[in-house]
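Have a look at data21.txt; it's compact mmCIF, C-alpha atoms:
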# COMPACT_ATOMS: atom_id res chain seq x y z
CA MET A 1 0.00 0.00 0.00
CA ASN A 2 1.61 3.22 -1.15
CA ASP A 3 0.95 6.64 0.33
CA ASN A 4 2.76 8.63 -2.36
CA TYR A 5 0.96 8.04 -5.61
CA GLN A 6 -2.74 8.64 -6.11
CA LEU A 7 -4.87 8.34 -9.24
CA ASN A 8 -6.26 11.62 -10.52
CA SER A 9 -9.97 12.51 -10.71
CA ASP A 10 -10.28 11.59 -14.41
CA GLN A 11 -8.87 8.14 -13.69
CA ILE A 12 -11.28 7.71 -10.77
CA ASP A 13 -14.15 8.72 -13.09
CA ARG A 14 -12.92 6.09 -15.55
CA LEU A 15 -13.15 3.46 -12.80
CA PHE A 16 -16.73 4.51 -12.04
CA LEU A 17 -17.51 4.15 -15.74
CA VAL A 18 -16.01 0.64 -15.71
CA CYS A 19 -18.28 -0.28 -12.79
CA LYS A 20 -21.31 1.00 -14.65
CA GLU A 21 -20.31 -0.84 -17.82
CA LYS A 22 -20.03 -4.00 -15.71
CA ASN A 23 -23.61 -3.53 -14.49
CA VAL A 24 -22.99 -2.18 -11.01
CA PRO A 25 -25.85 0.33 -10.63
CA TYR A 26 -25.42 1.07 -6.91
CA ILE A 27 -23.21 3.99 -5.92
CA ASP A 28 -22.29 2.51 -2.52
CA VAL A 29 -21.10 -0.71 -4.19
CA GLN A 30 -19.24 1.37 -6.77
CA TYR A 31 -17.41 3.28 -3.97
CA GLU A 32 -16.01 0.06 -2.60
CA LEU A 33 -15.07 -1.41 -5.96
CA VAL A 34 -13.51 1.83 -7.19
CA ASP A 35 -11.41 2.17 -4.03
CA HIS A 36 -10.20 -1.41 -4.33
CA LEU A 37 -9.38 -1.11 -8.03
CA ALA A 38 -7.71 2.27 -7.48
CA SER A 39 -5.59 1.03 -4.53
CA SER A 40 -4.44 -1.98 -6.52
CA ILE A 41 -3.66 0.07 -9.65
CA GLU A 42 -1.75 2.64 -7.57
CA ASP A 43 0.36 -0.13 -6.05
CA ALA A 44 1.01 -1.69 -9.45
CA ILE A 45 2.10 1.65 -10.98
CA CYS A 46 4.28 2.41 -7.95
CA ASN A 47 6.06 -0.92 -8.37
CA ASN A 48 6.45 -0.51 -12.12
CA THR A 49 6.52 3.13 -13.18
CA LYS A 50 6.42 2.18 -16.87
CA LEU A 51 2.99 0.64 -16.46
CA THR A 52 0.19 2.82 -17.85
CA PHE A 53 -3.12 3.31 -16.07
CA GLU A 54 -5.07 1.46 -18.78
CA ALA A 55 -2.65 -1.50 -18.75
CA ALA A 56 -2.83 -1.73 -14.96
CA LEU A 57 -6.64 -1.54 -15.14
CA THR A 58 -6.77 -4.41 -17.66
CA ILE A 59 -4.55 -6.57 -15.43
CA GLU A 60 -6.75 -5.79 -12.45
CA LEU A 61 -10.03 -6.54 -14.25
CA ASN A 62 -8.67 -9.87 -15.46
CA LYS A 63 -8.51 -10.97 -11.82
CA TYR A 64 -12.32 -10.98 -11.69
CA PRO A 65 -14.41 -13.92 -12.94
CA ILE A 66 -16.18 -13.85 -16.29
CA THR A 67 -19.42 -12.87 -14.51
CA GLY A 68 -17.69 -9.64 -13.53
CA PHE A 69 -19.02 -8.08 -10.35
CA TYR A 70 -22.30 -10.04 -10.30
CA LYS A 71 -21.30 -12.31 -7.40
CA PHE A 72 -20.00 -9.28 -5.50
CA ILE A 73 -23.37 -7.51 -5.70
CA GLU A 74 -25.35 -10.67 -4.97
CA GLU A 75 -23.39 -11.41 -1.78
CA LYS A 76 -23.58 -7.81 -0.67
CA GLU A 77 -27.34 -7.85 -1.17
CA LYS A 78 -27.65 -10.99 0.97
CA GLY A 79 -25.42 -9.49 3.67
CA LEU A 80 -27.42 -6.26 3.74
CA SER A 81 -30.76 -8.09 3.90
CA LYS A 82 -29.51 -9.97 6.96
CA TYR A 83 -28.16 -6.72 8.40
CA TRP A 84 -31.49 -4.89 8.07
CA ARG A 85 -33.60 -7.80 9.30
CA LEU A 86 -31.43 -7.99 12.42
CA LYS A 87 -31.60 -4.21 12.94
CA ILE A 88 -35.38 -4.06 12.49
CA TRP A 89 -35.89 -7.06 14.78
CA ASN A 90 -33.67 -5.55 17.49
CA LEU A 91 -35.48 -2.24 17.16
CA LEU A 92 -38.90 -3.86 17.54
CA VAL A 93 -37.72 -5.89 20.55
CA CYS A 94 -36.43 -2.69 22.22
CA TYR A 95 -39.60 -0.83 21.24
CA PHE A 96 -41.97 -3.43 22.61
CA LYS A 97 -41.55 -2.69 26.32
CA PHE A 98 -43.79 -2.00 29.33
CA PRO A 99 -46.06 0.96 28.39
CA LYS A 100 -46.34 -0.21 24.78
CA ILE A 101 -47.26 -3.75 25.81
CA LEU A 102 -50.14 -2.33 27.86
CA LEU A 103 -51.22 -0.13 24.95
CA THR A 104 -51.12 -3.12 22.62
CA ILE A 105 -53.32 -5.13 24.99
CA ALA A 106 -55.70 -2.15 25.25
CA CYS A 107 -55.72 -1.93 21.47
CA ALA A 108 -56.52 -5.65 21.17
CA LEU A 109 -59.41 -5.27 23.66
CA LEU A 110 -60.76 -2.28 21.73
CA TYR A 111 -60.66 -4.21 18.44
CA PHE A 112 -62.33 -7.17 20.14
CA MET A 113 -65.13 -4.96 21.48
CA LEU A 114 -65.65 -3.30 18.10
CA VAL A 115 -65.89 -6.69 16.36
CA ASN A 116 -68.35 -7.95 18.95
CA LEU A 117 -70.47 -4.83 18.54
CA PHE A 118 -70.36 -4.46 14.75
CA GLY A 119 -69.28 -7.89 13.50
CA ALA A 120 -67.05 -8.51 10.48
CA VAL A 121 -67.78 -5.00 9.14
CA ALA A 122 -65.72 -3.55 12.00
CA LEU A 123 -62.80 -5.77 11.02
CA TYR A 124 -63.03 -4.67 7.40
CA VAL A 125 -63.02 -1.02 8.48
CA ILE A 126 -59.99 -1.58 10.77
CA VAL A 127 -58.10 -3.47 8.04
CA ALA A 128 -58.95 -0.82 5.44
CA GLY A 129 -57.68 1.89 7.81
CA MET A 130 -54.49 -0.08 8.38
CA LEU A 131 -53.89 -0.57 4.67
CA ILE A 132 -54.29 3.19 4.12
CA LEU A 133 -51.81 3.88 6.95
CA THR A 134 -49.47 1.25 5.47
CA PHE A 135 -49.50 3.00 2.10
CA LEU A 136 -49.00 6.37 3.79
CA SER A 137 -45.99 5.08 5.74
CA ARG A 138 -44.63 3.59 2.50
CA PHE A 139 -45.02 6.94 0.73
CA SER A 140 -43.43 8.84 3.60
CA LEU A 141 -40.46 6.46 3.53
CA ASN A 142 -40.18 6.84 -0.24
CA ALA A 143 -40.16 10.63 0.18
CA LEU A 144 -37.45 10.28 2.83
CA VAL A 145 -35.31 8.11 0.56
CA LYS A 146 -35.87 10.54 -2.33
CA ASP A 147 -34.81 13.45 -0.09
CA PHE A 148 -31.74 11.48 0.87
CA LEU A 149 -30.81 10.92 -2.76
CA ILE A 150 -31.31 14.59 -3.60
CA GLU A 151 -29.55 15.84 -0.46
CA SER A 152 -26.60 13.52 -0.92
CA GLN A 153 -24.05 15.66 -2.63
CA VAL A 154 -21.22 13.63 -4.07
CA PRO A 155 -18.61 16.35 -4.47
CA PHE A 156 -15.90 14.29 -6.10
CA TYR A 157 -18.07 12.95 -8.86
CA GLU A 158 -19.48 16.07 -10.43
CA LYS A 159 -19.27 14.53 -13.89
CA LEU A 160 -21.54 11.69 -12.81
CA ILE A 161 -24.04 14.17 -11.38
CA GLU A 162 -23.90 16.21 -14.59
CA SER A 163 -24.60 13.18 -16.74
CA GLU A 164 -27.26 11.54 -14.58
CA GLY A 165 -28.52 14.05 -12.08
CA PRO A 166 -28.76 13.11 -8.40
CA LYS A 167 -30.38 9.77 -9.14
CA PHE A 168 -27.86 7.44 -7.59
CA LYS A 169 -29.08 4.12 -6.35
CA TYR A 170 -27.84 2.90 -2.97
CA LEU A 171 -27.97 -0.82 -2.32
CA PHE A 172 -27.98 -0.03 1.41
CA VAL A 173 -31.23 1.95 1.07
CA GLN A 174 -32.71 -0.29 -1.62
CA THR A 175 -32.38 -3.39 0.59
CA PHE A 176 -34.11 -1.62 3.48
CA ASN A 177 -36.87 -0.61 1.06
CA SER A 178 -37.29 -4.19 -0.17
CA ILE A 179 -37.83 -5.41 3.40
CA PHE A 180 -40.30 -2.58 4.01
CA THR A 181 -42.29 -3.69 0.93
CA PHE A 182 -43.67 -6.67 2.86
CA ILE A 183 -45.19 -4.34 5.42
CA GLY A 184 -48.71 -4.83 4.05
CA PHE A 185 -48.58 -8.59 4.47
CA PRO A 186 -50.36 -9.05 7.87
CA PRO A 187 -53.58 -7.16 6.90
CA VAL A 188 -53.71 -9.26 3.72
CA ILE A 189 -53.67 -12.40 5.91
CA VAL A 190 -56.53 -10.93 7.91
CA ILE A 191 -58.55 -10.30 4.74
CA TRP A 192 -57.87 -13.88 3.68
CA LEU A 193 -59.06 -15.15 7.08
CA LEU A 194 -62.21 -13.06 6.76
CA ASP A 195 -62.90 -14.45 3.29
CA VAL A 196 -62.42 -17.98 4.54
CA SER A 197 -64.79 -17.41 7.43
CA ASN A 198 -67.46 -16.02 5.08
CA TYR A 199 -68.61 -13.53 7.72
CA SER A 200 -69.43 -16.17 10.37
CA LEU A 201 -66.56 -15.55 12.76
CA SER A 202 -65.85 -17.87 15.66
CA SER A 203 -64.49 -16.41 18.91
CA ALA A 204 -61.12 -18.12 18.33
CA MET A 205 -60.88 -16.59 14.88
CA ILE A 206 -61.81 -13.13 16.16
CA ALA A 207 -59.18 -13.46 18.91
CA SER A 208 -56.42 -14.49 16.48
CA VAL A 209 -57.34 -11.77 13.98
CA VAL A 210 -57.42 -9.17 16.76
CA VAL A 211 -53.96 -10.25 18.00
CA ILE A 212 -52.52 -9.97 14.45
CA LEU A 213 -54.09 -6.54 14.02
CA SER A 214 -52.88 -5.27 17.42
CA LEU A 215 -49.30 -6.33 16.69
CA PHE A 216 -49.59 -4.77 13.27
CA THR A 217 -50.74 -1.52 14.90
CA VAL A 218 -47.42 -1.50 16.76
CA TRP A 219 -45.58 -2.07 13.46
CA ILE A 220 -47.49 0.80 11.78
CA HIS A 221 -46.57 3.13 14.64
CA ALA A 222 -42.92 2.07 14.42
CA SER A 223 -42.95 2.47 10.64
CA PHE A 224 -43.97 6.13 10.99
CA THR A 225 -41.56 6.98 13.78
CA TYR A 226 -38.75 4.62 14.74
CA LEU A 227 -37.98 2.94 11.40
CA PRO A 228 -37.39 6.08 9.28
CA ASN A 229 -35.24 7.53 12.08
CA MET A 230 -33.28 4.30 12.25
CA LEU A 231 -32.72 4.43 8.47
CA ILE A 232 -31.37 7.98 8.68
CA LYS A 233 -29.17 7.18 11.68
CA GLU A 234 -27.75 4.16 9.86
CA ILE A 235 -27.09 6.19 6.72
CA ASN A 236 -25.36 8.85 8.79
CA ASN A 237 -23.23 6.26 10.55
CA LYS A 238 -22.16 4.58 7.36
CA TYR A 239 -22.05 7.57 5.03
CA ASN A 240 -21.35 10.35 7.50
CA HIS A 241 -20.32 12.77 4.76
CA PHE A 242 -24.01 13.10 3.76
CA ASN A 243 -24.90 14.58 7.16
CA MET A 244 -28.69 14.16 7.03
CA GLN A 245 -30.93 15.79 9.62
CA ILE A 246 -32.98 13.52 11.86
CA ALA A 247 -36.63 14.53 12.09
CA ASN A 248 -38.15 14.67 15.57
CA MET B 1 3.53 -21.42 -2.21
CA ALA B 2 0.00 -20.03 -2.44
CA LEU B 3 -2.60 -21.80 -0.31
CA ASN B 4 -5.25 -23.99 -1.94
CA SER B 5 -8.51 -22.00 -2.16
CA ASN B 6 -10.55 -24.81 -0.55
CA LEU B 7 -8.27 -24.76 2.48
CA LEU B 8 -8.48 -21.01 2.66
CA ARG B 9 -12.27 -20.84 2.47
CA GLY B 10 -12.77 -22.42 5.89
CA SER B 11 -10.29 -20.18 7.65
CA LEU B 12 -11.03 -16.86 5.98
CA GLU B 13 -13.49 -15.69 8.64
CA THR B 14 -10.91 -16.29 11.38
CA ILE B 15 -8.25 -14.46 9.36
CA ILE B 16 -10.47 -11.38 8.89
CA ILE B 17 -11.58 -11.28 12.53
CA LYS B 18 -7.99 -11.68 13.75
CA MET B 19 -6.71 -8.99 11.36
CA LEU B 20 -9.33 -6.50 12.51
CA SER B 21 -8.74 -7.41 16.14
CA ASP B 22 -5.00 -6.69 15.73
CA HIS B 23 -5.17 -3.61 13.52
CA GLY B 24 -8.45 -1.93 14.55
CA GLU B 25 -10.08 -0.48 11.46
CA MET B 26 -9.04 -1.63 8.00
CA TYR B 27 -10.28 -1.35 4.42
CA GLY B 28 -10.67 -4.25 2.00
CA TYR B 29 -7.51 -3.80 -0.03
CA GLU B 30 -5.48 -3.24 3.15
CA ILE B 31 -6.69 -6.58 4.57
CA CYS B 32 -5.61 -8.36 1.35
CA GLN B 33 -2.14 -6.76 1.46
CA LYS B 34 -1.60 -7.28 5.22
CA VAL B 35 -2.47 -10.97 4.93
CA LYS B 36 -0.14 -11.31 1.93
CA ASP B 37 2.73 -9.55 3.78
CA GLN B 38 2.25 -11.35 7.09
CA THR B 39 2.24 -14.79 5.43
CA ASN B 40 5.14 -14.01 3.06
CA GLU B 41 2.68 -14.25 0.15
CA GLY B 42 1.59 -17.70 1.35
CA ILE B 43 -2.02 -16.56 1.53
CA SER B 44 -3.37 -14.36 -1.22
CA LEU B 45 -6.95 -13.21 -0.72
CA THR B 46 -8.97 -12.53 -3.85
CA GLU B 47 -11.55 -9.77 -3.97
CA GLY B 48 -14.15 -12.40 -4.93
CA ALA B 49 -13.57 -14.21 -1.63
CA LEU B 50 -12.89 -11.27 0.68
CA TYR B 51 -15.73 -8.84 -0.01
CA PRO B 52 -18.61 -11.33 0.06
CA LEU B 53 -17.36 -12.52 3.45
CA LEU B 54 -16.96 -8.95 4.73
CA HIS B 55 -20.57 -8.29 3.68
CA LYS B 56 -21.71 -11.52 5.31
CA LEU B 57 -19.97 -10.63 8.59
CA GLU B 58 -21.50 -7.16 8.39
CA GLY B 59 -24.92 -8.76 7.97
CA LYS B 60 -24.33 -10.96 11.02
CA GLY B 61 -23.50 -7.89 13.09
CA ILE B 62 -19.84 -8.88 13.60
CA LEU B 63 -18.42 -6.01 11.55
CA ASP B 64 -19.29 -2.36 11.38
CA VAL B 65 -18.64 -0.17 8.33
CA GLU B 66 -17.93 3.51 7.94
CA THR B 67 -17.41 5.37 4.67
CA ARG B 68 -14.91 8.22 4.64
CA SER B 69 -13.44 10.40 1.93
CA ILE B 70 -9.73 9.98 1.19
CA GLY B 71 -8.38 12.46 -1.33
CA ASN B 72 -10.46 12.10 -4.47
CA ARG B 73 -12.53 9.03 -3.57
CA TYR B 74 -14.44 7.33 -0.76
CA ARG B 75 -13.22 4.38 1.27
CA LYS B 76 -15.10 1.89 3.45
CA TYR B 77 -13.45 1.06 6.76
CA TYR B 78 -14.34 -2.12 8.61
CA THR B 79 -14.16 -2.52 12.41
CA LEU B 80 -15.29 -5.22 14.81
CA THR B 81 -18.57 -4.50 16.59
CA LYS B 82 -18.99 -5.24 20.32
CA SER B 83 -20.32 -8.71 19.54
CA GLY B 84 -17.51 -9.16 16.98
CA LYS B 85 -14.91 -8.37 19.67
CA LYS B 86 -16.53 -10.92 21.96
CA GLU B 87 -16.11 -13.57 19.27
CA VAL B 88 -12.37 -13.01 18.73
CA LYS B 89 -11.17 -15.31 21.52
CA SER B 90 -13.53 -18.18 20.74
CA VAL B 91 -12.87 -18.01 16.97
CA ILE B 92 -9.08 -18.11 17.50
CA LYS B 93 -9.33 -20.89 20.10
CA GLU B 94 -11.48 -22.91 17.71
CA MET B 95 -8.92 -22.51 14.94
CA GLU B 96 -6.00 -23.38 17.25
CA ASP B 97 -7.76 -26.55 18.37
CA TYR B 98 -8.45 -27.45 14.75
CA ILE B 99 -4.81 -26.90 13.77
CA LYS B 100 -3.68 -29.09 16.72
CA SER B 101 -6.05 -31.86 15.61
CA ILE B 102 -4.80 -31.68 12.02
CA GLU B 103 -1.23 -31.74 13.33
CA LEU B 104 -2.02 -34.99 15.15
CA ILE B 105 -3.30 -36.51 11.92
CA LEU B 106 -0.38 -35.31 9.81
CA ASN B 107 2.27 -36.20 12.40
CA PRO B 108 0.94 -39.14 14.43
CA LYS B 109 4.30 -39.55 16.15
CA ILE B 110 3.73 -36.33 18.12
CA ALA B 111 0.74 -37.92 19.83
Represent the structure from my file as structure tokens, please.
Amino acid sequence: MNDNYQLNSDQIDRLFLVCKEKNVPYIDVQYELVDHLASSIEDAICNNTKLTFEAALTIELNKYPITGFYKFIEEKEKGLSKYWRLKIWNLLVCYFKFPKILLTIACALLYFMLVNLFGAVALYVIVAGMLILTFLSRFSLNALVKDFLIESQVPFYEKLIESEGPKFKYLFVQTFNSIFTFIGFPPVIVIWLLDVSNYSLSSAMIASVVVILSLFTVWIHASFTYLPNMLIKEINNKYNHFNMQIAN
Amino acid sequence: MALNSNLLRGSLETIIIKMLSDHGEMYGYEICQKVKDQTNEGISLTEGALYPLLHKLEGKGILDVETRSIGNRYRKYYTLTKSGKKEVKSVIKEMEDYIKSIELILNPKIA
């Protein structure tokens, strides 16, 4: 590892172009690949001053398999999915403590009373309300991610911004988004249960549906408050040069 | 002599954890070079093997990552998380025990 010789900005731009040509659409994956390629090329040129940048780049690219960077992205995607699932799970475990447990039980009792008073119609109304809130939380997260992409100034790569605008894709954010996509799943199960029951609901079925809906209420609350804040905190930790503001 | 890649695959996690435990924060290329230097080029990590494992360890919560700018580009630095630091001793002990067992097979006279 040399500390004396560093590739210039045009050469770094060339490495970004190589990543894009090799189907690496995510800027955070590109950062890592570009730094690795650049470090290796710098070392090679330092050891053999007659070596040109393009020749060193060709040697370096030949070290990768014929599939290029595909495996690299695939493994990173898997790693990030695990990372987010663990983070979200830990967050929900921390979130679900004393006062919130009581509120969840109160919520379950309220749903149970409503269903007993108004029957399956009450459940349909609750589920419809939840689906609306789910879509709203999805939109608010999308807006947050969009803001992040616009706010994220990438000062070194002005040429990339000029050619594409601030539309960089981040695998880190995209993976979080993919997990968030399944947020509407529990109410769909409830609708399925209601269809199966054909409006004649047994007490056991009402109880199980009410438990699912109460837990989902907790998830909806977290998806409006804790989850977006966690996403921003994580982005700030990992990409601290973006310096996003955390909403209260 | 470079190590067979099948042999390396099973010990790569231990190598990365030990490297980060000894050197604190490191970036991908630095890990490759340090391993190469420390083993007199006996072990040469490829990018295809190193980065997927770094990402896997990050996913498991063993490594933490921070991106910083260095000159005209960004660099990702890897460090051990609290749970990663807790694993260092057990991972190294496990590998030492394994090496001792292999030694007994390769040199039965020692036993």
At what distance in Å, to one decimal, does CA of Ser214 (chain A) lie from CA of Gly119 (chain A)?
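Distance between the two atoms: 17.1 Å.
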Given the choices B:Lys86, B:Lys76, B:Lys100, B:Lys109, which gets closest to chain A if the distance is worked out from all atoms listed in the file?
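Counting all atoms listed in the file, the residue closest to chain A is B:Lys76.
Between CA of Leu227 (chain A) and CA of Leu141 (chain A) the interatomic distance comes to 9.0 Å.
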Using all atoms listed in the file, I'd like every residue of chain A that has an atom within 8 Å of chain B; please write them out as a list in words.
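Close enough to count are Met1, Asn8, Ser9, Ile12, Tyr31, Glu32, Asp35, His36, Ser39, Ser40, Tyr64, Lys71, Phe72, Glu75, Lys76, Lys78, Gly79, Leu80, Ser81, Lys82, Tyr83, Trp84, Leu86, Phe156, Asn237, Lys238, Tyr239, Asn240 and His241 of chain A.
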Go ahead and compute the interatomic distance for CA of Leu213 (chain A) and CA of Phe139 (chain A), in Å to one decimal.
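Atom-to-atom, CA of Leu213 (chain A) and CA of Phe139 (chain A) are spaced 21.0 Å apart.
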Please list as a list in words every residue within 12 Å of Ser11 (chain B), counting only C-alpha atoms and excluding residues in the same chain fewer than 2 positions away.
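After dropping sequence-adjacent residues, the list is Leu3, Asn4, Ser5, Asn6, Leu7, Leu8, Arg9, Glu13, Thr14, Ile15, Ile16, Ile17, Lys18, Ile43, Leu45, Ala49, Leu50, Leu53, Val91, Ile92, Glu94, Met95, Glu96, Tyr98 and Ile99 of chain B.
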Excluding same-chain residues fewer than 5 positions from Glu42 (chain A), what lies within 7 Å of it counting only C-alpha atoms, as a VMD selection string?
chain A and resid 5 to 7
Excluding same-chain residues fewer than 2 positions from Leu231 (chain A), what lies within 10 Å of it counting all atoms listed in the file, as a count of residues only?
20
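Each of A:Asn23, A:Phe53, A:Val211, A:Val29 was checked against Gln11 (chain A) using all atoms listed in the file; the smallest atom-to-atom distance is that of A:Phe53.
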Just the residues within 10 Å of Ala56 (chain A), please, counting all atoms listed in the file, with nothing from its chain fewer than 3 positions along; format it as an NGL selection string.
:A and (37-38 or 40-45 or 48 or 51-53 or 59-61)
Residues within 7 Å of Gly84 (chain B), please, as a PyMOL selection string. Count all atoms listed in the file; anything in the same chain fewer than 4 positions from it doesn't count.
chain B and resi 62-63+80+88
Nearest to Gly68 (chain A), restricted to only C-alpha atoms and choosing among A:Leu123, A:Ile220, A:Ile27, A:Leu33, comes out as A:Leu33
